[in-house]
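Data from model-v9.tsv: TSV, C-alpha atoms and all ligand atoms
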```tsv
chain	number	residue	atom	x	y	z
A	1	MET	CA	99.39	-25.44	11.53
A	2	ARG	CA	95.89	-26.32	12.64
A	3	SER	CA	92.65	-24.50	11.96
A	4	PRO	CA	89.64	-25.01	14.21
A	5	PHE	CA	87.30	-24.38	11.28
A	6	PRO	CA	85.90	-27.03	8.92
A	7	ALA	CA	88.04	-27.20	5.78
A	8	GLY	CA	86.89	-26.49	2.26
A	9	SER	CA	83.37	-25.13	2.81
A	10	ALA	CA	82.04	-24.31	-0.68
A	11	SER	CA	81.69	-20.69	-1.75
A	12	LEU	CA	78.46	-19.38	-3.24
A	13	TYR	CA	80.07	-19.25	-6.69
A	14	ASP	CA	81.21	-22.92	-6.39
A	15	ALA	CA	77.71	-23.97	-5.33
A	16	LEU	CA	76.14	-22.13	-8.27
A	17	ALA	CA	78.71	-23.58	-10.70
A	18	LEU	CA	77.65	-27.07	-9.58
A	19	ARG	CA	74.16	-26.13	-10.77
A	20	GLY	CA	75.51	-24.91	-14.11
A	21	VAL	CA	75.16	-21.20	-13.25
A	22	VAL	CA	78.14	-18.89	-13.75
A	23	PRO	CA	77.20	-15.36	-12.62
A	24	GLY	CA	78.23	-12.71	-15.14
A	25	PRO	CA	80.16	-9.54	-14.27
A	26	ASP	CA	76.98	-7.42	-14.30
A	27	ILE	CA	75.26	-9.48	-11.62
A	28	VAL	CA	73.62	-7.39	-8.88
A	29	ASP	CA	75.23	-8.68	-5.71
A	30	LEU	CA	72.71	-8.71	-2.85
A	31	SER	CA	74.50	-11.57	-1.09
A	32	LEU	CA	76.64	-9.46	1.26
A	33	GLY	CA	75.79	-7.01	4.04
A	34	THR	CA	78.62	-4.65	3.22
A	35	PRO	CA	77.75	-0.92	3.13
A	36	VAL	CA	78.16	0.77	-0.28
A	37	ASP	CA	77.21	4.40	0.36
A	38	PRO	CA	79.97	6.93	1.06
A	39	THR	CA	81.41	7.22	4.54
A	40	PRO	CA	79.81	10.45	5.86
A	41	GLU	CA	81.80	13.64	5.44
A	42	ILE	CA	81.92	14.22	9.24
A	43	ALA	CA	83.63	10.84	9.64
A	44	GLN	CA	86.20	11.58	6.96
A	45	GLN	CA	86.91	14.99	8.49
A	46	ALA	CA	87.21	13.55	12.01
A	47	LEU	CA	89.61	10.89	10.76
A	48	ALA	CA	91.76	13.47	8.95
A	49	ALA	CA	91.77	15.73	12.03
A	50	ALA	CA	93.04	12.82	14.14
A	51	ALA	CA	95.77	11.76	11.73
A	52	ASP	CA	98.63	12.92	13.98
A	53	ALA	CA	98.83	10.01	16.42
A	54	PRO	CA	102.41	9.23	17.44
A	55	GLY	CA	101.65	7.59	20.80
A	56	TYR	CA	99.97	4.27	21.62
A	57	PRO	CA	96.19	4.40	22.02
A	58	MET	CA	94.46	3.02	25.10
A	59	VAL	CA	92.80	-0.41	24.97
A	60	TRP	CA	90.01	0.91	27.18
A	61	GLY	CA	89.45	3.84	24.83
A	62	THR	CA	89.70	7.54	25.56
A	63	ALA	CA	87.48	8.96	28.29
A	64	ALA	CA	85.79	11.08	25.60
A	65	LEU	CA	84.91	7.99	23.55
A	66	ARG	CA	83.53	6.09	26.54
A	67	GLU	CA	81.45	9.15	27.50
A	68	ALA	CA	80.22	9.38	23.89
A	69	VAL	CA	79.03	5.78	24.10
A	70	VAL	CA	77.26	6.51	27.41
A	71	GLY	CA	75.61	9.54	25.77
A	72	TRP	CA	74.60	7.51	22.71
A	73	TYR	CA	72.78	5.01	24.96
A	74	ALA	CA	71.23	7.80	27.04
A	75	ARG	CA	69.64	9.26	23.88
A	76	ARG	CA	68.13	5.80	23.28
A	77	GLY	CA	66.43	5.59	26.66
A	78	ILE	CA	69.30	3.86	28.45
A	79	PRO	CA	70.59	6.45	30.95
A	80	GLY	CA	73.33	6.17	33.54
A	81	LEU	CA	75.65	3.52	32.07
A	82	ASP	CA	79.04	3.42	33.76
A	83	PRO	CA	81.78	4.56	31.31
A	84	ASP	CA	84.04	1.97	32.95
A	85	GLY	CA	81.74	-0.64	31.43
A	86	VAL	CA	82.56	0.51	27.88
A	87	MET	CA	85.41	-0.57	25.61
A	88	PRO	CA	86.00	0.07	21.88
A	89	THR	CA	86.49	-2.98	19.65
A	90	ILE	CA	88.04	-3.45	16.21
A	91	GLY	CA	84.61	-3.72	14.61
A	92	SER	CA	82.26	-6.02	16.47
A	93	LYS	CA	83.25	-9.19	14.63
A	94	GLU	CA	86.61	-9.45	16.39
A	95	LEU	CA	85.00	-9.21	19.83
A	96	ILE	CA	82.37	-11.77	18.88
A	97	GLY	CA	84.98	-14.12	17.49
A	98	TRP	CA	87.45	-13.77	20.35
A	99	LEU	CA	85.13	-13.40	23.36
A	100	PRO	CA	85.13	-17.07	24.44
A	101	THR	CA	88.95	-17.08	24.25
A	102	LEU	CA	89.28	-13.73	26.05
A	103	LEU	CA	87.07	-15.09	28.83
A	104	GLY	CA	89.34	-18.14	29.16
A	105	LEU	CA	86.61	-20.59	28.16
A	106	GLY	CA	87.67	-24.02	26.93
A	107	PRO	CA	86.62	-27.64	26.39
A	108	ASP	CA	84.72	-27.89	29.70
A	109	ASP	CA	82.53	-24.90	28.87
A	110	THR	CA	79.46	-24.48	26.70
A	111	VAL	CA	78.67	-21.52	24.46
A	112	SER	CA	75.06	-21.11	23.38
A	113	HIS	CA	74.18	-19.27	20.17
A	114	PRO	CA	71.23	-18.91	17.82
A	115	GLY	CA	71.10	-21.95	15.51
A	116	LEU	CA	70.17	-19.78	12.52
A	117	ALA	CA	72.74	-17.03	12.73
A	118	TYR	CA	75.75	-15.02	11.75
A	119	PRO	CA	78.45	-17.71	11.89
A	120	THR	CA	80.96	-15.91	14.12
A	121	TYR	CA	79.28	-16.94	17.41
A	122	ALA	CA	80.02	-20.59	16.58
A	123	ASP	CA	83.41	-19.75	15.05
A	124	GLY	CA	84.49	-18.04	18.29
A	125	ALA	CA	83.47	-21.09	20.29
A	126	LEU	CA	85.36	-23.36	17.87
A	127	MET	CA	88.44	-21.12	18.23
A	128	ALA	CA	88.32	-21.48	22.02
A	129	GLY	CA	87.57	-25.21	21.76
A	130	THR	CA	84.35	-25.00	23.81
A	131	ARG	CA	81.20	-27.07	23.39
A	132	LEU	CA	78.55	-25.45	21.19
A	133	ARG	CA	74.85	-25.30	21.88
A	134	PRO	CA	72.87	-24.00	18.87
A	135	GLU	CA	69.40	-22.93	20.01
A	136	ALA	CA	66.19	-22.89	17.97
A	137	GLY	CA	64.97	-19.94	20.05
A	138	LEU	CA	66.36	-17.92	22.93
A	139	PRO	CA	68.97	-19.61	25.15
A	140	SER	CA	67.78	-21.91	27.94
A	141	GLY	CA	68.86	-24.85	30.07
A	142	ASP	CA	71.74	-25.35	32.47
A	143	GLY	CA	75.49	-25.37	32.16
A	144	VAL	CA	76.00	-22.52	29.68
A	145	ALA	CA	79.00	-20.26	30.40
A	146	LEU	CA	78.32	-17.73	27.63
A	147	ALA	CA	75.10	-17.19	25.69
A	148	TRP	CA	74.71	-15.07	22.57
A	149	VAL	CA	71.55	-13.37	21.47
A	150	ASN	CA	71.32	-11.30	18.30
A	151	THR	CA	68.63	-8.67	18.00
A	152	PRO	CA	67.74	-7.47	15.39
A	153	ALA	CA	68.94	-10.77	13.98
A	154	ASN	CA	70.99	-11.59	10.94
A	155	PRO	CA	69.98	-13.29	8.63
A	156	HIS	CA	66.24	-13.10	9.26
A	157	GLY	CA	65.66	-9.68	10.85
A	158	ALA	CA	63.58	-10.84	13.83
A	159	VAL	CA	63.48	-8.54	16.85
A	160	ALA	CA	63.45	-9.86	20.42
A	161	SER	CA	60.74	-8.16	22.51
A	162	VAL	CA	61.23	-6.60	25.94
A	163	ASP	CA	59.51	-9.67	27.42
A	164	ASP	CA	61.73	-12.12	25.50
A	165	LEU	CA	64.83	-10.33	26.70
A	166	ARG	CA	63.56	-9.99	30.28
A	167	ARG	CA	62.95	-13.74	30.44
A	168	THR	CA	66.41	-14.40	29.00
A	169	VAL	CA	68.05	-12.10	31.55
A	170	ALA	CA	66.20	-13.88	34.36
A	171	TRP	CA	67.37	-17.23	32.97
A	172	ALA	CA	70.99	-16.01	32.69
A	173	ARG	CA	70.94	-14.70	36.26
A	174	SER	CA	69.50	-17.95	37.61
A	175	THR	CA	72.17	-20.04	35.85
A	176	GLY	CA	75.19	-17.73	36.25
A	177	THR	CA	75.52	-17.39	32.45
A	178	LEU	CA	77.21	-14.37	30.89
A	179	LEU	CA	74.60	-13.06	28.45
A	180	VAL	CA	75.85	-11.09	25.44
A	181	SER	CA	73.66	-9.40	22.87
A	182	ASP	CA	74.95	-8.56	19.40
A	183	GLU	CA	73.00	-5.45	18.42
A	184	CYS	CA	74.72	-4.04	15.34
A	185	TYR	CA	71.34	-3.42	13.59
A	186	LEU	CA	69.79	-1.65	16.63
A	187	THR	CA	69.08	1.62	14.81
A	188	LEU	CA	67.54	-0.13	11.80
A	189	GLY	CA	64.03	-1.00	13.00
A	190	TRP	CA	61.23	-0.92	10.38
A	191	ASP	CA	58.16	-2.82	11.59
A	192	ALA	CA	59.28	-3.43	15.20
A	193	GLU	CA	61.21	-1.47	17.78
A	194	PRO	CA	64.64	-3.03	18.42
A	195	VAL	CA	65.42	-3.11	22.14
A	196	SER	CA	68.87	-3.32	23.69
A	197	LEU	CA	69.72	-5.86	26.37
A	198	LEU	CA	70.90	-2.89	28.45
A	199	ASP	CA	67.51	-1.16	28.26
A	200	PRO	CA	66.14	-0.59	31.78
A	201	ARG	CA	62.83	-2.18	30.64
A	202	VAL	CA	64.87	-5.36	30.13
A	203	CYS	CA	67.45	-5.39	32.93
A	204	ASP	CA	65.94	-2.96	35.47
A	205	GLY	CA	69.10	-0.87	35.20
A	206	ASP	CA	71.34	-3.66	36.51
A	207	VAL	CA	73.91	-4.68	33.86
A	208	THR	CA	75.66	-7.28	36.02
A	209	GLY	CA	76.45	-10.31	33.87
A	210	LEU	CA	75.28	-8.56	30.70
A	211	LEU	CA	77.12	-7.16	27.68
A	212	ALA	CA	75.93	-5.58	24.44
A	213	CYS	CA	78.08	-5.26	21.30
A	214	TYR	CA	77.47	-2.51	18.83
A	215	SER	CA	79.11	-1.49	15.58
A	216	LEU	CA	79.38	1.71	13.57
A	217	SER	CA	79.85	-0.32	10.36
A	218	LYS	CA	76.20	-0.24	9.36
A	219	GLN	CA	74.84	2.92	10.96
A	220	SER	CA	77.71	5.10	9.67
A	221	ASN	CA	79.01	3.25	6.55
A	222	LEU	CA	82.19	2.69	8.51
A	223	ALA	CA	82.92	-1.02	7.98
A	224	GLY	CA	86.29	-0.17	6.45
A	225	TYR	CA	87.42	1.66	9.61
A	226	ARG	CA	86.66	-1.31	11.92
A	227	ALA	CA	84.83	0.55	14.68
A	228	GLY	CA	82.65	-1.02	17.35
A	229	PHE	CA	82.25	-1.20	21.09
A	230	VAL	CA	81.08	-3.41	23.91
A	231	ALA	CA	79.15	-2.06	26.90
A	232	GLY	CA	77.70	-3.50	30.07
A	233	ASP	CA	79.12	-5.14	33.19
A	234	PRO	CA	82.19	-3.08	34.25
A	235	ALA	CA	83.82	-6.11	35.92
A	236	VAL	CA	83.68	-8.14	32.70
A	237	VAL	CA	84.88	-5.18	30.64
A	238	ALA	CA	87.81	-4.64	33.04
A	239	HIS	CA	88.80	-8.27	32.51
A	240	LEU	CA	88.59	-7.87	28.73
A	241	VAL	CA	90.71	-4.71	28.84
A	242	ASP	CA	93.31	-6.50	30.91
A	243	VAL	CA	93.60	-9.48	28.56
A	244	ARG	CA	93.48	-7.37	25.41
A	245	LYS	CA	96.38	-5.21	26.68
A	246	HIS	CA	98.59	-8.27	26.58
A	247	MET	CA	97.47	-9.17	23.07
A	248	GLY	CA	97.66	-5.73	21.41
A	249	MET	CA	93.94	-5.70	20.60
A	250	ILE	CA	93.59	-1.93	20.41
A	251	VAL	CA	91.41	0.36	18.31
A	252	SER	CA	93.63	2.97	16.64
A	253	ARG	CA	93.47	6.47	18.11
A	254	PRO	CA	92.25	8.13	14.87
A	255	VAL	CA	89.39	5.63	14.72
A	256	GLN	CA	88.60	6.21	18.41
A	257	GLN	CA	88.40	9.94	17.74
A	258	THR	CA	86.23	9.41	14.67
A	259	MET	CA	83.88	7.18	16.67
A	260	THR	CA	83.62	9.87	19.36
A	261	VAL	CA	82.42	12.40	16.77
A	262	LEU	CA	80.02	10.00	15.04
A	263	LEU	CA	78.41	8.77	18.25
A	264	GLY	CA	77.47	12.37	19.02
A	265	ASP	CA	75.68	12.86	15.70
A	266	ASP	CA	72.32	11.22	15.00
A	267	ALA	CA	71.63	13.12	11.76
A	268	HIS	CA	73.91	11.05	9.50
A	269	VAL	CA	72.48	7.84	10.99
A	270	ALA	CA	68.92	8.99	10.23
A	271	ALA	CA	69.89	9.98	6.66
A	272	GLN	CA	71.45	6.58	5.96
A	273	LYS	CA	68.44	4.83	7.46
A	274	GLU	CA	66.15	6.68	5.02
A	275	ARG	CA	68.29	5.45	2.09
A	276	TYR	CA	67.81	1.89	3.30
A	277	ARG	CA	64.09	2.45	3.92
A	278	ALA	CA	63.56	3.50	0.27
A	279	ARG	CA	65.51	0.48	-1.03
A	280	ARG	CA	63.64	-1.84	1.31
A	281	THR	CA	60.26	-0.58	0.09
A	282	LEU	CA	61.17	-1.16	-3.58
A	283	LEU	CA	62.81	-4.53	-3.02
A	284	THR	CA	60.03	-5.82	-0.74
A	285	LYS	CA	57.40	-5.21	-3.43
A	286	ALA	CA	59.54	-6.78	-6.15
A	287	VAL	CA	60.39	-9.85	-4.05
A	288	GLN	CA	56.74	-10.39	-3.12
A	289	ARG	CA	55.58	-9.88	-6.73
A	290	ALA	CA	58.12	-12.53	-7.76
A	291	GLY	CA	56.23	-15.05	-5.59
A	292	PHE	CA	58.31	-15.01	-2.43
A	293	ARG	CA	57.00	-14.95	1.12
A	294	ILE	CA	59.06	-12.63	3.30
A	295	ASP	CA	59.46	-13.84	6.89
A	296	HIS	CA	60.47	-11.67	9.87
A	297	SER	CA	62.66	-8.91	8.36
A	298	GLU	CA	61.12	-6.44	10.83
A	299	ALA	CA	64.52	-4.80	11.26
A	300	GLY	CA	68.04	-4.85	9.90
A	301	LEU	CA	69.42	-4.82	6.39
A	302	TYR	CA	67.98	-7.98	4.86
A	303	LEU	CA	64.84	-9.54	3.44
A	304	TRP	CA	64.52	-13.18	4.48
A	305	ALA	CA	62.44	-14.77	1.77
A	306	THR	CA	61.25	-18.18	0.59
A	307	ARG	CA	59.53	-19.77	-2.39
A	308	GLY	CA	59.07	-23.03	-0.47
A	309	GLU	CA	61.94	-24.79	-2.24
A	310	SER	CA	65.62	-25.46	-1.59
A	311	CYS	CA	67.58	-22.26	-1.08
A	312	TRP	CA	70.11	-23.55	-3.63
A	313	ASP	CA	67.46	-23.81	-6.33
A	314	THR	CA	66.19	-20.32	-5.50
A	315	ALA	CA	69.72	-18.89	-5.47
A	316	ALA	CA	70.46	-20.54	-8.85
A	317	THR	CA	67.24	-19.19	-10.43
A	318	LEU	CA	67.98	-15.72	-9.14
A	319	ALA	CA	71.62	-15.84	-10.25
A	320	LYS	CA	70.50	-16.86	-13.75
A	321	ALA	CA	68.25	-13.79	-13.74
A	322	GLY	CA	71.20	-11.62	-12.65
A	323	VAL	CA	70.65	-11.26	-8.90
A	324	LEU	CA	73.00	-12.83	-6.36
A	325	VAL	CA	71.55	-13.67	-2.92
A	326	ALA	CA	72.83	-15.56	0.11
A	327	PRO	CA	71.39	-19.10	0.48
A	328	GLY	CA	69.80	-19.48	3.91
A	329	ALA	CA	71.67	-22.74	4.55
A	330	PHE	CA	74.82	-20.63	5.05
A	331	TYR	CA	73.33	-19.56	8.40
A	332	GLY	CA	72.18	-22.95	9.68
A	333	PRO	CA	69.99	-25.90	8.70
A	334	ALA	CA	66.79	-23.98	9.55
A	335	GLY	CA	67.60	-21.65	6.64
A	336	GLU	CA	67.44	-24.45	4.04
A	337	GLN	CA	64.38	-23.00	2.26
A	338	HIS	CA	65.16	-19.28	2.55
A	339	VAL	CA	67.43	-16.82	0.81
A	340	ARG	CA	68.69	-13.50	2.14
A	341	PHE	CA	68.44	-10.34	0.02
A	342	ALA	CA	70.67	-7.53	1.32
A	343	LEU	CA	69.57	-3.89	1.14
A	344	THR	CA	73.22	-2.84	0.99
A	345	ALA	CA	73.32	-1.96	-2.71
A	346	THR	CA	73.20	1.36	-4.53
A	347	ASP	CA	69.89	2.80	-5.72
A	348	ALA	CA	70.90	1.92	-9.29
A	349	SER	CA	71.64	-1.71	-8.34
A	350	ILE	CA	68.38	-2.03	-6.43
A	351	ALA	CA	66.50	-0.64	-9.47
A	352	THR	CA	68.19	-3.23	-11.70
A	353	ALA	CA	67.40	-6.01	-9.21
A	354	VAL	CA	63.74	-4.93	-9.13
A	355	GLU	CA	63.60	-5.05	-12.94
A	356	ARG	CA	65.22	-8.49	-13.04
A	357	LEU	CA	62.92	-9.86	-10.34
A	358	GLY	CA	60.01	-8.65	-12.45
A	359	ALA	CA	61.21	-10.85	-15.31
A	360	LEU	CA	61.57	-14.02	-13.21
A	361	PRO	CA	59.75	-17.10	-14.49
B	1	LIG	C1	74.94	-10.01	13.25
B	1	LIG	C2	76.24	-9.36	12.97
B	1	LIG	N1	77.10	-9.15	13.96
B	1	LIG	C3	78.28	-8.56	13.77
B	1	LIG	C4	78.68	-8.16	12.52
B	1	LIG	C5	80.05	-7.58	12.35
B	1	LIG	O1	80.11	-6.29	12.02
B	1	LIG	P1	81.43	-5.44	12.19
B	1	LIG	O2	82.57	-6.35	12.52
B	1	LIG	O3	81.62	-4.74	10.91
B	1	LIG	O4	81.16	-4.53	13.34
B	1	LIG	C6	77.83	-8.37	11.43
B	1	LIG	C7	78.24	-7.97	10.08
B	1	LIG	O5	77.58	-8.14	9.10
B	1	LIG	C8	76.57	-8.98	11.66
B	1	LIG	O6	75.70	-9.19	10.68
```
Just give me the structure of the file as structure tokens.
Amino acid sequence: MRSPFPAGSASLYDALALRGVVPGPDIVDLSLGTPVDPTPEIAQQALAAAADAPGYPMVWGTAALREAVVGWYARRGIPGLDPDGVMPTIGSKELIGWLPTLLGLGPDDTVSHPGLAYPTYADGALMAGTRLRPEAGLPSGDGVALAWVNTPANPHGAVASVDDLRRTVAWARSTGTLLVSDECYLTLGWDAEPVSLLDPRVCDGDVTGLLACYSLSKQSNLAGYRAGFVAGDPAVVAHLVDVRKHMGMIVSRPVQQTMTVLLGDDAHVAAQKERYRARRTLLTKAVQRAGFRIDHSEAGLYLWATRGESCWDTAATLAKAGVLVAPGAFYGPAGEQHVRFALTATDASIATAVERLGALP
């Protein structure tokens, strides 16, 4: 057996133990971006209504689901997408992780990804055995087969502007690079308007060579269902459907039907966003009062904060005070002096975290 991933990377708990900190059972865990609020009632009802599913589902998704995705984009100012350029995915992580492999990329190819990022872009490239090109900013240069952008970004919540994305599309078209944007925080803009790669202001309505991935995990508290989709260039999507058929990479029919219902309903998304807005307001004040500078964080579910010291020291101080955060170094060397506070905690946990931050030395 052989794993492409580096062995034995230390867990957060191991790293804290090395600094003599053993988090107690009542620690407020703000280190993970996992939703904690209930899955909306309409989702649970849709899932129950779709429980009778004796036949195999379609890799490409039902026509109703692909139309629901097209409608979802149309309500966000992106009209006229081709439903043939839409495919459901088993959450977005699996597509991100497997895309280089599904495209048949290998050792002679280069995958570009943000250097400070969600690790799955690099993990997918490692799985396929390609070369990796971590970028400090947006992708550039020659010889890149597949380039990832992530807007709004995890861990730091920066939002790429229309101009940034337009320039990146022009670059991708001039170099023949497949450009893929991971947009799972698209509906969670606070101080900046998140823009999709498929937005006509970005791509002039031509999605050739472009894909966007989206997920219902965050917008609909649906991470446990594994529900996402990819949309964009119909020729690339047709290839993905073809390969995935052979590999059994299919979203279950009950989940497809649930997604269809949820993508037609903006009310539950808006309600969840307001819960996060309230938590963000409270946590932002507490983090700033505790002497942190918050960088970016214009969108998404995290506060990216620094006290100008090693992220490990900050994480240890916070853990001692009863708040667990993600050290920025987990996301790349440029995160060495930041920590990531997640907003994905209950109101009660956020209130406790605020109190504990207030007592920090
Ligand atoms: C940037 C980014 N992309 C993708 C995902 C994967 O989400 P899911 O697989 O639940 O759709 C996450 C999850 O936290 C994320 O932060």
Inset, instruction - Kindly extract all protein, DNA and RNA residues lying within 12 Å of the coordinates (63.9, -15.9, 30.7) given in the file, considering all atoms listed in the file, and supply them as a list in words. - result: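 Every residue inside that radius is included here: Gly137, Leu138, Pro139, Ser140, Gly141, Ala160, Ser161, Val162, Asp163, Asp164, Leu165, Arg166, Arg167, Thr168, Val169, Ala170, Trp171, Ala172, Arg173, Ser174, Thr175, Thr177, Leu179, Val202 and Cys203 of chain A.
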Inset, instruction - Give as a PyMOL selection string the set of residues within 7 Å of the point (64.5, -12.5, 6.5), where distances use the file's coordinates and only C-alpha atoms. - result: chain A and resi 155-157+294-297+302-305+340
Inset, instruction - Have a look at A:Asn150, A:Thr110, A:Thr306, A:Thr130 and name the one nearest to ligand LIG 1 (chain B); count all atoms listed in the file. - result: A:Asn150
Inset, instruction - Quick one: everything within 10 Å of A:Arg356, counting only C-alpha atoms, minus sequence neighbours fewer than 4 positions away in the same chain. Send it as a list of chain:residue names. - result: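 Contacts, with the query itself left out: A:Val28, A:Ala286, A:Ala290, A:Leu318, A:Lys320, A:Ala321, A:Gly322, A:Val323, A:Ile350, A:Ala351, A:Thr352, A:Leu360.
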Nearby residues, ligand LIG 1 (chain B), 10 Å, all atoms listed in the file, as a PDB file with C-alpha atoms, keeping the file's coordinate frame:
```
ATOM      1  CA  LEU A  32      76.640  -9.460   1.260  1.00  0.00           C
ATOM      2  CA  GLY A  33      75.790  -7.010   4.040  1.00  0.00           C
ATOM      3  CA  THR A  34      78.620  -4.650   3.220  1.00  0.00           C
ATOM      4  CA  PRO A  35      77.750  -0.920   3.130  1.00  0.00           C
ATOM      5  CA  THR A  89      86.490  -2.980  19.650  1.00  0.00           C
ATOM      6  CA  ILE A  90      88.040  -3.450  16.210  1.00  0.00           C
ATOM      7  CA  GLY A  91      84.610  -3.720  14.610  1.00  0.00           C
ATOM      8  CA  SER A  92      82.260  -6.020  16.470  1.00  0.00           C
ATOM      9  CA  LYS A  93      83.250  -9.190  14.630  1.00  0.00           C
ATOM     10  CA  GLU A  94      86.610  -9.450  16.390  1.00  0.00           C
ATOM     11  CA  LEU A  95      85.000  -9.210  19.830  1.00  0.00           C
ATOM     12  CA  ILE A  96      82.370 -11.770  18.880  1.00  0.00           C
ATOM     13  CA  GLY A  97      84.980 -14.120  17.490  1.00  0.00           C
ATOM     14  CA  ALA A 117      72.740 -17.030  12.730  1.00  0.00           C
ATOM     15  CA  TYR A 118      75.750 -15.020  11.750  1.00  0.00           C
ATOM     16  CA  PRO A 119      78.450 -17.710  11.890  1.00  0.00           C
ATOM     17  CA  THR A 120      80.960 -15.910  14.120  1.00  0.00           C
ATOM     18  CA  TYR A 121      79.280 -16.940  17.410  1.00  0.00           C
ATOM     19  CA  VAL A 149      71.550 -13.370  21.470  1.00  0.00           C
ATOM     20  CA  ASN A 150      71.320 -11.300  18.300  1.00  0.00           C
ATOM     21  CA  THR A 151      68.630  -8.670  18.000  1.00  0.00           C
ATOM     22  CA  PRO A 152      67.740  -7.470  15.390  1.00  0.00           C
ATOM     23  CA  ALA A 153      68.940 -10.770  13.980  1.00  0.00           C
ATOM     24  CA  ASN A 154      70.990 -11.590  10.940  1.00  0.00           C
ATOM     25  CA  PRO A 155      69.980 -13.290   8.630  1.00  0.00           C
ATOM     26  CA  GLY A 157      65.660  -9.680  10.850  1.00  0.00           C
ATOM     27  CA  SER A 181      73.660  -9.400  22.870  1.00  0.00           C
ATOM     28  CA  ASP A 182      74.950  -8.560  19.400  1.00  0.00           C
ATOM     29  CA  GLU A 183      73.000  -5.450  18.420  1.00  0.00           C
ATOM     30  CA  CYS A 184      74.720  -4.040  15.340  1.00  0.00           C
ATOM     31  CA  TYR A 185      71.340  -3.420  13.590  1.00  0.00           C
ATOM     32  CA  CYS A 213      78.080  -5.260  21.300  1.00  0.00           C
ATOM     33  CA  TYR A 214      77.470  -2.510  18.830  1.00  0.00           C
ATOM     34  CA  SER A 215      79.110  -1.490  15.580  1.00  0.00           C
ATOM     35  CA  LEU A 216      79.380   1.710  13.570  1.00  0.00           C
ATOM     36  CA  SER A 217      79.850  -0.320  10.360  1.00  0.00           C
ATOM     37  CA  LYS A 218      76.200  -0.240   9.360  1.00  0.00           C
ATOM     38  CA  ASN A 221      79.010   3.250   6.550  1.00  0.00           C
ATOM     39  CA  LEU A 222      82.190   2.690   8.510  1.00  0.00           C
ATOM     40  CA  ALA A 223      82.920  -1.020   7.980  1.00  0.00           C
ATOM     41  CA  GLY A 224      86.290  -0.170   6.450  1.00  0.00           C
ATOM     42  CA  TYR A 225      87.420   1.660   9.610  1.00  0.00           C
ATOM     43  CA  ARG A 226      86.660  -1.310  11.920  1.00  0.00           C
ATOM     44  CA  ALA A 227      84.830   0.550  14.680  1.00  0.00           C
ATOM     45  CA  GLY A 228      82.650  -1.020  17.350  1.00  0.00           C
ATOM     46  CA  PHE A 229      82.250  -1.200  21.090  1.00  0.00           C
ATOM     47  CA  GLY A 300      68.040  -4.850   9.900  1.00  0.00           C
ATOM     48  CA  LEU A 301      69.420  -4.820   6.390  1.00  0.00           C
ATOM     49  CA  TYR A 302      67.980  -7.980   4.860  1.00  0.00           C
TER      50      TYR A 302
END
```
